[in-house]
$ cat work37.cif   # mmCIF, C-alpha atoms
data_run
#
loop_
_atom_site.label_atom_id
_atom_site.label_comp_id
_atom_site.auth_asym_id
_atom_site.auth_seq_id
_atom_site.Cartn_x
_atom_site.Cartn_y
_atom_site.Cartn_z
CA MET A 1 -20.58 167.32 -8.56
CA PRO A 2 -20.05 169.70 -5.63
CA SER A 3 -18.94 168.60 -2.22
CA ARG A 4 -21.63 167.90 0.34
CA SER A 5 -21.86 167.09 4.01
CA LEU A 6 -23.05 163.68 5.11
CA PRO A 7 -26.48 163.56 6.76
CA PRO A 8 -26.59 161.44 9.94
CA ARG A 9 -28.49 158.46 8.67
CA LEU A 10 -27.84 155.03 7.28
CA GLY A 11 -29.37 154.56 3.85
CA LEU A 12 -27.56 151.61 2.34
CA TYR A 13 -25.73 148.43 3.08
CA LEU A 14 -23.93 146.18 0.65
CA ALA A 15 -25.11 142.59 0.87
CA ALA A 16 -22.11 140.52 -0.14
CA THR A 17 -23.99 137.24 -0.27
CA THR A 18 -26.55 138.40 -2.81
CA LEU A 19 -24.41 141.06 -4.51
CA ILE A 20 -27.17 143.62 -4.76
CA LEU A 21 -27.61 147.14 -3.53
CA VAL A 22 -30.40 147.64 -1.05
CA ALA A 23 -31.81 150.96 0.14
CA PRO A 24 -33.68 150.21 3.36
CA ALA A 25 -35.69 152.64 5.40
CA CYS A 26 -33.55 155.47 6.75
CA LYS A 27 -32.24 155.16 10.28
CA LYS A 28 -31.27 158.06 12.51
CA ASP A 29 -28.09 156.56 13.93
CA ARG A 30 -25.13 154.83 12.40
CA ALA A 31 -24.88 151.08 12.64
CA ALA A 32 -23.05 149.80 15.68
CA SER A 33 -19.72 148.04 15.56
CA GLU A 34 -19.85 144.59 14.07
CA GLY A 35 -17.52 142.92 16.53
CA GLY A 36 -13.77 142.52 16.86
CA ALA A 37 -10.86 140.27 17.63
CA THR A 38 -10.79 138.37 20.87
CA GLY A 39 -8.14 138.49 23.57
CA ALA A 40 -4.54 137.99 22.52
CA THR A 41 -5.39 135.79 19.57
CA ALA A 42 -5.70 138.74 17.16
CA SER A 43 -8.19 139.31 14.42
CA THR A 44 -8.20 137.25 11.26
CA GLY A 45 -9.09 137.78 7.66
CA SER A 46 -10.08 141.03 6.02
CA THR A 47 -12.92 142.16 8.19
CA GLY A 48 -12.35 145.89 7.76
CA ALA A 49 -12.54 149.17 9.71
CA THR A 50 -11.35 152.73 10.46
CA GLY A 51 -11.65 156.30 9.52
CA SER A 52 -14.12 158.80 10.72
CA THR A 53 -17.38 157.10 9.89
CA GLY A 54 -19.13 160.42 9.61
CA SER A 55 -16.34 162.24 7.80
CA THR A 56 -17.41 165.07 5.56
CA GLY A 57 -15.79 166.17 2.38
CA SER A 58 -15.74 165.82 -1.35
CA THR A 59 -18.39 163.27 -2.21
CA GLY A 60 -19.02 163.53 -5.93
CA ALA A 61 -17.40 162.25 -9.07
CA THR A 62 -15.09 164.72 -10.78
CA GLY A 63 -12.35 164.73 -13.38
CA SER A 64 -12.08 161.67 -15.60
CA THR A 65 -14.10 159.24 -13.54
CA GLY A 66 -16.98 159.06 -15.98
CA ALA A 67 -19.52 158.00 -13.38
CA THR A 68 -23.05 157.71 -14.61
CA GLY A 69 -25.98 159.46 -13.00
CA SER A 70 -28.48 158.02 -10.61
CA THR A 71 -31.08 155.67 -12.00
CA GLY A 72 -34.76 156.19 -11.69
CA SER A 73 -35.21 153.49 -9.10
CA THR A 74 -37.30 154.44 -6.09
CA GLY A 75 -38.23 153.03 -2.73
CA ALA A 76 -36.43 149.91 -1.54
CA ALA A 77 -35.82 148.56 -5.05
CA SER A 78 -32.73 146.41 -5.60
CA VAL A 79 -30.15 147.48 -8.15
CA GLU A 80 -27.88 144.91 -9.79
CA LEU A 81 -24.20 145.68 -9.56
CA PRO A 82 -22.18 146.10 -12.77
CA LYS A 83 -20.34 143.03 -13.96
CA ARG A 84 -16.70 142.62 -13.04
CA PRO A 85 -14.37 143.50 -15.96
CA GLU A 86 -13.45 140.55 -18.14
CA GLY A 87 -9.96 139.23 -17.51
CA PHE A 88 -9.37 141.32 -14.41
CA ASP A 89 -7.60 139.04 -11.97
CA ALA A 90 -6.95 139.26 -8.27
CA LEU A 91 -3.77 140.96 -7.10
CA PRO A 92 -0.66 138.81 -7.52
CA ALA A 93 1.24 137.09 -4.75
CA THR A 94 4.35 138.93 -3.59
CA CYS A 95 6.52 135.82 -4.02
CA SER A 96 6.36 132.53 -5.90
CA ASP A 97 7.77 130.31 -3.16
CA PRO A 98 6.21 130.79 0.31
CA SER A 99 8.37 129.12 2.92
CA ALA A 100 8.51 128.39 6.63
CA GLY A 101 10.90 130.40 8.74
CA SER A 102 11.52 132.28 11.93
CA VAL A 103 12.78 135.73 12.85
CA THR A 104 13.66 137.66 15.98
CA VAL A 105 12.47 141.26 15.86
CA ASP A 106 14.01 144.00 17.99
CA LEU A 107 11.10 146.41 18.32
CA GLY A 108 13.39 149.39 18.77
CA GLN A 109 11.37 150.97 21.60
CA SER A 110 11.75 150.92 25.36
CA PRO A 111 9.29 148.82 27.41
CA GLU A 112 7.78 152.06 28.73
CA GLN A 113 7.25 153.35 25.20
CA LEU A 114 5.77 150.06 24.03
CA ALA A 115 3.21 150.27 26.85
CA LYS A 116 2.00 153.52 25.30
CA LEU A 117 2.09 152.34 21.67
CA PHE A 118 0.12 149.13 22.27
CA PRO A 119 -3.26 149.33 24.05
CA VAL A 120 -3.52 147.48 27.36
CA ARG A 121 -6.89 147.19 29.07
CA GLY A 122 -5.86 148.33 32.53
CA GLU A 123 -4.22 151.46 31.14
CA LEU A 124 -7.29 152.73 29.29
CA ALA A 125 -10.45 154.53 30.36
CA PHE A 126 -13.97 153.14 30.13
CA PRO A 127 -15.27 151.57 27.90
CA TYR A 128 -11.91 150.36 26.61
CA ASP A 129 -11.05 148.80 29.99
CA ALA A 130 -14.43 147.14 30.45
CA SER A 131 -14.64 143.43 31.13
CA GLY A 132 -16.41 140.80 29.09
CA ASP A 133 -17.75 141.57 25.64
CA GLN A 134 -17.63 145.34 26.10
CA SER A 135 -13.90 145.42 25.38
CA ARG A 136 -11.57 143.02 23.60
CA VAL A 137 -8.42 144.98 24.48
CA PRO A 138 -5.72 142.56 25.73
CA GLU A 139 -5.01 142.64 29.46
CA THR A 140 -1.19 142.66 29.39
CA LEU A 141 1.44 144.34 27.22
CA ASP A 142 2.89 141.04 25.99
CA ALA A 143 -0.61 139.80 25.12
CA SER A 144 -1.29 143.02 23.22
CA ILE A 145 1.94 142.80 21.21
CA GLN A 146 1.32 139.12 20.43
CA SER A 147 -2.27 139.80 19.42
CA PHE A 148 -1.58 142.66 17.04
CA VAL A 149 1.57 141.15 15.50
CA THR A 150 -0.35 137.92 14.90
CA ALA A 151 -3.11 139.90 13.18
CA SER A 152 -0.55 141.62 10.93
CA LEU A 153 0.95 138.28 9.95
CA GLN A 154 -2.46 136.83 9.18
CA ARG A 155 -3.35 139.80 6.98
CA ASP A 156 0.02 139.48 5.28
CA GLY A 157 -1.02 135.98 4.23
CA PHE A 158 1.07 133.95 6.66
CA SER A 159 -0.02 130.61 8.14
CA GLU A 160 1.26 128.33 10.92
CA ILE A 161 1.94 131.46 12.97
CA SER A 162 3.58 131.53 16.38
CA VAL A 163 4.38 134.82 18.12
CA SER A 164 6.10 135.23 21.47
CA SER A 165 6.64 138.67 22.98
CA THR A 166 9.04 139.67 25.73
CA ALA A 167 8.23 143.32 26.26
CA ALA A 168 10.86 143.68 28.97
CA SER A 169 13.55 143.17 26.34
CA ALA A 170 11.52 144.72 23.51
CA LYS A 171 11.83 141.59 21.38
CA VAL A 172 9.38 139.40 19.50
CA GLU A 173 10.03 135.85 18.29
CA ILE A 174 8.03 134.92 15.18
CA SER A 175 7.71 131.69 13.22
CA ALA A 176 5.37 131.40 10.25
CA THR A 177 4.96 130.19 6.68
CA GLY A 178 4.57 132.73 3.89
CA CYS A 179 6.35 135.39 1.86
CA HIS A 180 9.06 137.74 3.17
CA LEU A 181 8.92 136.87 6.86
CA GLN A 182 12.41 138.32 7.42
CA ASP A 183 11.09 141.74 6.40
CA TYR A 184 9.30 141.94 9.75
CA ALA A 185 12.70 142.58 11.35
CA ILE A 186 12.84 145.78 9.28
CA GLN A 187 9.23 146.83 8.86
CA LEU A 188 7.84 146.35 12.37
CA PRO A 189 10.48 148.61 14.00
CA ARG A 190 9.93 151.18 11.22
CA PHE A 191 6.20 151.12 11.91
CA LEU A 192 6.70 151.60 15.64
CA ALA A 193 9.21 154.43 15.09
CA ALA A 194 6.60 156.24 13.01
CA GLY A 195 4.05 155.44 15.71
CA ALA A 196 6.32 157.08 18.27
CA LEU A 197 6.01 160.32 16.28
CA GLY A 198 2.24 160.01 16.62
CA LEU A 199 2.54 159.36 20.34
CA ALA A 200 4.74 162.44 20.75
CA GLY A 201 2.12 164.48 18.93
CA TRP A 202 -0.65 163.05 21.11
CA GLU A 203 1.24 163.86 24.30
CA ARG A 204 1.85 167.43 23.14
CA CYS A 205 -1.83 167.70 22.22
CA VAL A 206 -2.84 166.53 25.72
CA ASN A 207 -0.31 168.72 27.52
CA GLU A 208 -1.46 171.80 25.62
CA GLY A 209 -5.10 171.10 26.45
CA VAL A 210 -6.36 170.39 22.93
CA CYS A 211 -6.78 166.64 23.43
CA LYS A 212 -6.99 166.52 27.22
CA ASP A 213 -10.17 164.99 28.66
CA ARG A 214 -12.00 165.15 25.32
CA VAL A 215 -15.02 162.88 25.14
CA VAL A 216 -17.60 162.19 22.51
CA GLN A 217 -20.59 164.35 23.35
CA HIS A 218 -23.02 163.96 20.49
CA GLN A 219 -23.74 160.27 21.09
CA CYS A 220 -24.67 160.66 24.76
CA ALA A 221 -25.88 164.23 25.20
CA THR A 222 -29.48 163.10 25.73
CA SER A 223 -28.83 159.93 27.69
CA ASP A 224 -27.08 158.74 30.82
CA LYS A 225 -24.76 156.52 28.80
CA GLN A 226 -21.09 157.17 29.48
CA CYS A 227 -19.33 158.49 26.38
CA PRO A 228 -16.02 157.04 25.21
CA PRO A 229 -13.12 159.47 25.61
CA TRP A 230 -10.62 160.23 22.93
CA ALA A 231 -7.74 157.74 23.05
CA PHE A 232 -4.44 157.37 21.21
CA TYR A 233 -4.61 154.41 18.80
CA LEU A 234 -2.21 153.33 16.07
CA PRO A 235 -3.30 151.21 13.06
CA LEU A 236 -2.02 148.03 14.67
CA GLY A 237 -2.66 144.54 13.33
CA LEU A 238 -2.66 145.51 9.65
CA PRO A 239 -0.45 144.13 6.84
CA LEU A 240 3.15 145.34 6.88
CA VAL A 241 5.07 143.50 4.16
CA ASN A 242 2.80 141.85 1.56
CA HIS A 243 0.14 144.49 0.85
CA TRP A 244 -0.30 146.23 -2.51
CA SER A 245 -1.61 149.65 -1.52
CA VAL A 246 -2.01 152.13 1.33
CA MET A 247 -5.23 153.87 2.35
CA LEU A 248 -5.32 157.32 3.98
CA LEU A 249 -8.32 158.12 6.18
CA ASN A 250 -9.25 160.57 8.95
CA TYR A 251 -9.35 158.82 12.36
CA PRO A 252 -10.31 155.40 13.76
CA PRO A 253 -13.73 155.00 15.39
CA SER A 254 -13.83 154.02 19.05
CA ASP A 255 -15.38 150.69 18.00
CA ALA A 256 -12.03 149.69 16.49
CA LEU A 257 -10.30 150.13 19.85
CA CYS A 258 -13.05 148.45 21.89
CA GLY A 259 -12.85 145.45 19.57
CA ALA A 260 -9.04 145.54 19.42
CA ASP A 261 -9.41 145.17 15.66
CA TYR A 262 -8.63 148.18 13.50
CA LEU A 263 -10.42 146.67 10.50
CA ASN A 264 -13.66 145.49 12.07
CA ASN A 265 -16.18 148.30 12.02
CA PHE A 266 -18.82 149.59 9.68
CA THR A 267 -16.53 151.77 7.56
CA MET A 268 -14.01 149.18 6.48
CA ASN A 269 -16.40 146.25 6.47
CA ARG A 270 -18.29 148.16 3.81
CA TRP A 271 -15.12 149.02 1.86
CA GLY A 272 -13.94 145.42 2.13
CA GLU A 273 -17.09 144.33 0.31
CA VAL A 274 -16.22 146.65 -2.58
CA TYR A 275 -12.86 144.92 -2.91
CA ALA A 276 -14.46 141.49 -2.49
CA TRP A 277 -16.70 142.15 -5.50
CA GLU A 278 -13.54 142.90 -7.48
CA SER A 279 -12.01 139.58 -6.34
CA VAL A 280 -9.47 141.34 -4.13
CA ASP A 281 -8.65 140.20 -0.60
CA ALA A 282 -9.18 143.43 1.31
CA ALA A 283 -6.23 142.61 3.56
CA THR A 284 -3.90 143.18 0.60
CA ALA A 285 -5.31 146.68 0.10
CA GLU A 286 -6.03 147.90 3.62
CA ALA A 287 -2.75 148.99 5.09
CA LEU A 288 -4.27 152.07 6.69
CA VAL A 289 -2.95 155.40 7.88
CA ASP A 290 -5.24 157.79 9.71
CA VAL A 291 -4.31 161.46 9.63
CA HIS A 292 -5.27 161.59 13.30
CA PRO A 293 -4.34 158.55 15.47
CA ILE A 294 -7.25 159.25 17.81
CA ALA A 295 -9.98 156.72 18.54
CA ALA A 296 -13.21 158.70 18.89
CA GLY A 297 -16.89 158.52 18.10
CA GLY A 298 -17.82 157.08 14.72
CA SER A 299 -19.49 160.20 13.38
CA GLY A 300 -19.85 163.88 14.09
CA GLU A 301 -16.32 164.30 15.42
CA SER A 302 -14.50 165.55 12.30
CA LYS A 303 -14.62 169.23 13.21
CA ALA A 304 -13.22 168.66 16.70
CA ILE A 305 -10.63 166.15 15.48
CA ALA A 306 -9.44 168.64 12.84
CA GLU A 307 -8.30 170.95 15.63
CA THR A 308 -5.50 168.47 16.35
CA SER A 309 -4.09 168.21 12.81
CA ASP A 310 -0.90 170.17 13.40
CA TYR A 311 0.20 167.68 16.05
CA PHE A 312 0.25 164.70 13.69
CA THR A 313 1.62 165.91 10.34
CA ASP A 314 5.06 164.35 10.82
CA TYR A 315 3.45 161.12 12.03
CA TYR A 316 1.06 160.39 9.19
CA ARG A 317 3.56 161.38 6.51
CA GLU A 318 6.24 159.12 7.93
CA LEU A 319 3.85 156.20 8.36
CA LEU A 320 2.71 156.64 4.75
CA ARG A 321 6.35 156.38 3.68
CA VAL A 322 6.88 153.26 5.78
CA LEU A 323 3.83 151.41 4.49
CA ALA A 324 4.33 152.55 0.88
CA THR A 325 7.86 151.12 0.78
CA PRO A 326 7.86 147.51 1.99
CA PRO A 327 11.42 146.12 1.85
CA ASN A 328 10.51 143.48 -0.74
CA LEU A 329 8.89 145.79 -3.31
CA THR A 330 11.64 145.47 -5.92
CA GLN A 331 11.82 141.72 -5.28
CA ARG A 332 8.27 141.50 -6.62
CA GLY A 333 9.67 142.47 -10.02
CA PRO A 334 12.17 144.87 -11.59
CA GLN A 335 9.26 146.92 -12.92
CA PHE A 336 8.71 148.26 -9.40
CA ALA A 337 12.10 149.94 -9.17
CA GLY A 338 11.69 153.66 -8.57
CA THR A 339 8.09 153.33 -7.40
CA THR A 340 6.22 153.03 -4.12
CA LEU A 341 2.91 151.36 -3.42
CA PRO A 342 -0.07 153.53 -4.45
CA VAL A 343 -2.04 155.65 -1.97
CA LEU A 344 -5.84 155.93 -1.81
CA SER A 345 -6.97 159.16 -0.16
CA SER A 346 -10.53 158.63 1.08
CA GLY A 347 -12.82 161.41 2.23
CA GLY A 348 -12.46 165.16 2.56
CA ASP A 349 -10.16 165.20 5.61
CA ALA A 350 -7.73 162.69 4.11
CA GLN A 351 -7.81 164.51 0.78
CA LYS A 352 -6.93 167.78 2.51
CA ALA A 353 -3.91 166.13 4.13
CA TRP A 354 -2.83 164.49 0.87
CA SER A 355 -3.24 167.78 -0.98
CA ALA A 356 -0.95 169.50 1.51
CA LEU A 357 1.64 166.75 1.13
CA ILE A 358 1.78 166.79 -2.69
CA GLY A 359 1.22 170.54 -3.06
CA ALA A 360 -1.74 170.30 -5.43
CA PRO A 361 -5.55 170.41 -5.16
CA VAL A 362 -7.22 167.04 -4.59
CA LYS A 363 -10.87 166.11 -4.95
CA THR A 364 -12.84 162.91 -5.31
CA GLY A 365 -12.20 161.25 -8.66
CA ASP A 366 -8.74 162.72 -9.11
CA LYS A 367 -5.73 160.49 -9.73
CA GLY A 368 -2.11 161.01 -10.60
CA THR A 369 1.50 160.42 -9.59
CA THR A 370 3.82 162.31 -7.29
CA SER A 371 7.41 162.23 -6.07
CA ALA A 372 6.54 164.22 -2.95
CA LEU A 373 6.06 161.22 -0.66
CA VAL A 374 9.42 159.49 -1.16
CA ALA A 375 12.30 161.35 -2.79
CA GLY A 376 13.43 159.66 -5.99
CA SER A 377 10.35 157.43 -6.21
CA THR A 378 7.01 157.78 -7.95
CA THR A 379 3.79 157.24 -6.03
CA ALA A 380 0.53 156.66 -7.88
CA TRP A 381 -2.52 157.99 -6.05
CA VAL A 382 -6.31 158.08 -6.28
CA ALA A 383 -8.81 160.23 -4.36
CA SER A 384 -12.10 158.54 -3.47
CA ASN A 385 -15.19 159.27 -1.46
CA HIS A 386 -15.08 158.25 2.18
CA PRO A 387 -16.09 154.56 2.35
CA ASP A 388 -19.36 155.51 4.09
CA VAL A 389 -20.68 158.01 1.54
CA THR A 390 -23.01 155.53 -0.15
CA SER A 391 -24.47 154.69 3.24
CA TYR A 392 -26.09 158.12 3.22
CA GLN A 393 -27.47 158.02 -0.32
CA CYS A 394 -30.84 156.99 -1.68
CA CYS A 395 -32.21 155.86 -5.00
CA ALA A 396 -33.27 158.70 -7.29
CA LYS A 397 -36.45 160.56 -6.29
CA ASP A 398 -37.06 158.36 -3.26
CA GLN A 399 -39.05 160.86 -1.25
CA LYS A 400 -39.19 158.52 1.76
CA CYS A 401 -35.41 158.83 2.04
CA VAL A 402 -35.33 162.64 2.22
CA SER A 403 -34.15 164.21 5.46
CA ALA A 404 -36.01 167.25 6.74
CA SER A 405 -32.70 168.62 7.99
CA TYR A 406 -30.38 167.69 5.12
CA GLY A 407 -32.64 167.46 2.07
CA ASP A 408 -32.30 164.89 -0.67
CA SER A 409 -29.26 162.71 -1.34
CA TRP A 410 -30.19 160.60 -4.34
CA ASP A 411 -26.76 159.65 -5.67
CA LEU A 412 -26.67 156.09 -4.39
CA VAL A 413 -26.11 154.36 -7.74
CA ALA A 414 -23.64 156.90 -9.09
CA ASP A 415 -21.58 156.90 -5.91
CA GLU A 416 -21.60 153.11 -5.63
CA ARG A 417 -20.41 152.74 -9.21
CA LEU A 418 -17.76 155.37 -8.57
CA ASP A 419 -16.44 153.40 -5.59
CA PHE A 420 -16.07 150.29 -7.76
CA GLN A 421 -14.26 152.29 -10.42
CA LEU A 422 -11.79 154.00 -8.10
CA ALA A 423 -11.09 150.82 -6.09
CA CYS A 424 -10.28 149.24 -9.45
CA TYR A 425 -7.91 152.11 -10.31
CA MET A 426 -6.02 151.35 -7.11
CA GLN A 427 -5.19 147.87 -8.40
CA LEU A 428 -3.64 149.08 -11.65
CA PRO A 429 -0.20 149.97 -10.20
CA ALA A 430 0.28 146.32 -9.20
CA TRP A 431 -0.02 145.32 -12.86
CA TYR A 432 1.23 148.43 -14.66
CA PRO A 433 3.59 150.25 -12.26
CA ALA A 434 5.34 152.26 -14.99
CA ASP A 435 2.14 153.87 -16.30
CA PRO A 436 -0.86 152.76 -14.23
CA PHE A 437 -3.30 155.38 -15.49
CA ALA A 438 -2.73 155.12 -19.25
CA ALA A 439 -5.95 155.02 -21.27
CA PRO A 440 -5.94 151.24 -21.98
CA GLN A 441 -5.55 150.49 -18.27
CA LEU A 442 -8.29 152.92 -17.27
CA GLN A 443 -10.68 151.30 -19.71
CA ILE A 444 -10.47 148.09 -17.69
CA CYS A 445 -11.94 149.91 -14.71
CA ASP A 446 -14.27 152.30 -16.48
CA SER A 447 -16.53 149.37 -17.35
CA TRP A 448 -17.79 149.69 -13.76
CA VAL A 449 -19.60 152.84 -14.81
CA ASP A 450 -19.88 152.40 -18.57
CA GLY A 451 -21.14 148.85 -18.85
#

$ encode --input "work37.cif" --output "structure tokens"
Amino acid sequence: MPSRSLPPRLGLYLAATTLILVAPACKKDRAASEGGATGATASTGSTGATGSTGSTGSTGATGSTGATGSTGSTGAASVELPKRPEGFDALPATCSDPSAGSVTVDLGQSPEQLAKLFPVRGELAFPYDASGDQSRVPETLDASIQSFVTASLQRDGFSEISVSSTAASAKVEISATGCHLQDYAIQLPRFLAAGALGLAGWERCVNEGVCKDRVVQHQCATSDKQCPPWAFYLPLGLPLVNHWSVMLLNYPPSDALCGADYLNNFTMNRWGEVYAWESVDAATAEALVDVHPIAAGGSGESKAIAETSDYFTDYYRELLRVLATPPNLTQRGPQFAGTTLPVLSSGGDAQKAWSALIGAPVKTGDKGTTSALVAGSTTAWVASNHPDVTSYQCCAKDQKCVSASYGDSWDLVADERLDFQLACYMQLPAWYPADPFAAPQLQICDSWVDG
């Protein structure tokens, strides 16, 4: 199936409670943000978010995906989802004996640098500095560090969490119950060091005029509403030590910064439901890296954002390496020696970046292994549609869902099934790290489109 651009309309949402696909009447604008974490308490659970919500790119099944075609359903008919594969279990725990402990983390950055890496309300432009419900960005640097570190711990499966930040000394005191707490002393400084590369790229981009004073125009061109400006934003508050995969996307929507929750917006809420249907806690699979660490409008910004790519190559590649190599990987089992966590490249912009990194063409439906990410280690990878692609599709021959500007887009069922299949592929390296994409393993996942 050839690549296609995404029309600006919302055609689908996944109803997790009823587990059916619904194609409602088309809407002109993308759904608004669905909330975020509050204050310095940090977000919980696997709510989901990020990536350019209107990213274009390769949107069809190719290669060995085996996706079926669209059904003949029309109108707002419901379509039952395929059954989950028999015997396919949730991802394993990363240890067998969770325990209580404490750790002191030296963040490895100066207080001045930390104030740039972590968002603080008074240091940001409107609407990120707004009061009340308009912005959930913490009001002090220590509150911001505590909030986002707490969120990471929660998504790493820890409980009984206590986090105390002293930004002036660049240290964080953590106590919690769970697996591999001591790894935070290694992984959090590694994450921030990679983030510093992104910050350096952002500052060069601003100084050279490419990122300076850029604001989202398309959302507000015909209204008096003030548009959110571009803002530097790292994927804070995501799992660091107990996740099972890494996801590469384009850029975080401004909603994720307003809500101070990188995973709570339309894009990742939708993708989280795909994982939920496969009995996977999305938090274990949503350690995210955006090619561009720029919070901007949720759609229509990809072309402008792409102008900044050269400033962030070192950043996103290093952060991929950090998140793909948690310190405890070989402790999970000797079978993981010589491997990294797998990478899911989602959407055309992320696929372009991944293609450049591995030195080979990449399109939706492709999968393989590479040693290009970490020398001496094998990385399994899968290329998927952007999480929002199904949101722009309709049931076959649904004439009411045809856009005068963009024509028909009737691949809802095929694309939804493809998402289930490829999300399933991403779980295989956790069970079969030596040969995740061997035919018997693929058959487990191909039932999403064959059965």

$ residues_near_point --input "work37.cif" --point "(6.6, 132.9, 3.5)" --cutoff "6 Å" --atoms "all atoms listed in the file" --output "PyMOL selection string"
chain A and resi 98-100+177-181

$ closest_residue --input "work37.cif" --among "A:Gln443, A:Ser409, A:Gln427, A:Ser144" --to "Leu257 in chain A" --atoms "all atoms listed in the file"
A:Ser144

$ residues_near_point --input "work37.cif" --point "(5.8, 140.1, 5.3)" --cutoff "12 Å" --atoms "only C-alpha atoms" --output "compact mmCIF listing (two decimals) with C-alpha atoms, keeping the file's coordinate frame"
# COMPACT_ATOMS: atom_id res chain seq x y z
CA ALA A 93 1.24 137.09 -4.75
CA THR A 94 4.35 138.93 -3.59
CA CYS A 95 6.52 135.82 -4.02
CA PRO A 98 6.21 130.79 0.31
CA SER A 99 8.37 129.12 2.92
CA GLY A 101 10.90 130.40 8.74
CA SER A 102 11.52 132.28 11.93
CA VAL A 103 12.78 135.73 12.85
CA VAL A 149 1.57 141.15 15.50
CA THR A 150 -0.35 137.92 14.90
CA ALA A 151 -3.11 139.90 13.18
CA SER A 152 -0.55 141.62 10.93
CA LEU A 153 0.95 138.28 9.95
CA GLN A 154 -2.46 136.83 9.18
CA ARG A 155 -3.35 139.80 6.98
CA ASP A 156 0.02 139.48 5.28
CA GLY A 157 -1.02 135.98 4.23
CA PHE A 158 1.07 133.95 6.66
CA SER A 159 -0.02 130.61 8.14
CA ILE A 174 8.03 134.92 15.18
CA SER A 175 7.71 131.69 13.22
CA ALA A 176 5.37 131.40 10.25
CA THR A 177 4.96 130.19 6.68
CA GLY A 178 4.57 132.73 3.89
CA CYS A 179 6.35 135.39 1.86
CA HIS A 180 9.06 137.74 3.17
CA LEU A 181 8.92 136.87 6.86
CA GLN A 182 12.41 138.32 7.42
CA ASP A 183 11.09 141.74 6.40
CA TYR A 184 9.30 141.94 9.75
CA ALA A 185 12.70 142.58 11.35
CA ILE A 186 12.84 145.78 9.28
CA GLN A 187 9.23 146.83 8.86
CA LEU A 188 7.84 146.35 12.37
CA LEU A 238 -2.66 145.51 9.65
CA PRO A 239 -0.45 144.13 6.84
CA LEU A 240 3.15 145.34 6.88
CA VAL A 241 5.07 143.50 4.16
CA ASN A 242 2.80 141.85 1.56
CA HIS A 243 0.14 144.49 0.85
CA TRP A 244 -0.30 146.23 -2.51
CA THR A 284 -3.90 143.18 0.60
CA LEU A 323 3.83 151.41 4.49
CA PRO A 326 7.86 147.51 1.99
CA PRO A 327 11.42 146.12 1.85
CA ASN A 328 10.51 143.48 -0.74
CA LEU A 329 8.89 145.79 -3.31

$ atom_distance --input "work37.cif" --atom1 "CA of Pro189 in chain A" --atom2 "CA of Gly122 in chain A"
24.7 Å

$ closest_residue --input "work37.cif" --among "A:Ala256, A:Val362, A:Met268, A:Ala350" --to "Ile294 in chain A" --atoms "only C-alpha atoms"
A:Ala256

$ resolve_selection --input "work37.cif" --expression "the PyMOL selection byres ((chain A and resi 324) around 12)" --output "VMD selection string"
chain A and resid 187 190 to 191 239 to 248 285 to 289 316 to 323 325 to 329 336 339 to 344 373 to 374 377 to 381

$ write_last_selection --input "work37.cif" --atoms "C-alpha atoms" --output "tab-separated table (two decimals), in the coordinates of the input"
chain	number	residue	atom	x	y	z
A	187	GLN	CA	9.23	146.83	8.86
A	190	ARG	CA	9.93	151.18	11.22
A	191	PHE	CA	6.20	151.12	11.91
A	239	PRO	CA	-0.45	144.13	6.84
A	240	LEU	CA	3.15	145.34	6.88
A	241	VAL	CA	5.07	143.50	4.16
A	242	ASN	CA	2.80	141.85	1.56
A	243	HIS	CA	0.14	144.49	0.85
A	244	TRP	CA	-0.30	146.23	-2.51
A	245	SER	CA	-1.61	149.65	-1.52
A	246	VAL	CA	-2.01	152.13	1.33
A	247	MET	CA	-5.23	153.87	2.35
A	248	LEU	CA	-5.32	157.32	3.98
A	285	ALA	CA	-5.31	146.68	0.10
A	286	GLU	CA	-6.03	147.90	3.62
A	287	ALA	CA	-2.75	148.99	5.09
A	288	LEU	CA	-4.27	152.07	6.69
A	289	VAL	CA	-2.95	155.40	7.88
A	316	TYR	CA	1.06	160.39	9.19
A	317	ARG	CA	3.56	161.38	6.51
A	318	GLU	CA	6.24	159.12	7.93
A	319	LEU	CA	3.85	156.20	8.36
A	320	LEU	CA	2.71	156.64	4.75
A	321	ARG	CA	6.35	156.38	3.68
A	322	VAL	CA	6.88	153.26	5.78
A	323	LEU	CA	3.83	151.41	4.49
A	325	THR	CA	7.86	151.12	0.78
A	326	PRO	CA	7.86	147.51	1.99
A	327	PRO	CA	11.42	146.12	1.85
A	328	ASN	CA	10.51	143.48	-0.74
A	329	LEU	CA	8.89	145.79	-3.31
A	336	PHE	CA	8.71	148.26	-9.40
A	339	THR	CA	8.09	153.33	-7.40
A	340	THR	CA	6.22	153.03	-4.12
A	341	LEU	CA	2.91	151.36	-3.42
A	342	PRO	CA	-0.07	153.53	-4.45
A	343	VAL	CA	-2.04	155.65	-1.97
A	344	LEU	CA	-5.84	155.93	-1.81
A	373	LEU	CA	6.06	161.22	-0.66
A	374	VAL	CA	9.42	159.49	-1.16
A	377	SER	CA	10.35	157.43	-6.21
A	378	THR	CA	7.01	157.78	-7.95
A	379	THR	CA	3.79	157.24	-6.03
A	380	ALA	CA	0.53	156.66	-7.88
A	381	TRP	CA	-2.52	157.99	-6.05

$ closest_residue --input "work37.cif" --among "A:Val280, A:Cys395, A:Val274, A:Ile305" --to "Pro252 in chain A" --atoms "all atoms listed in the file"
A:Ile305
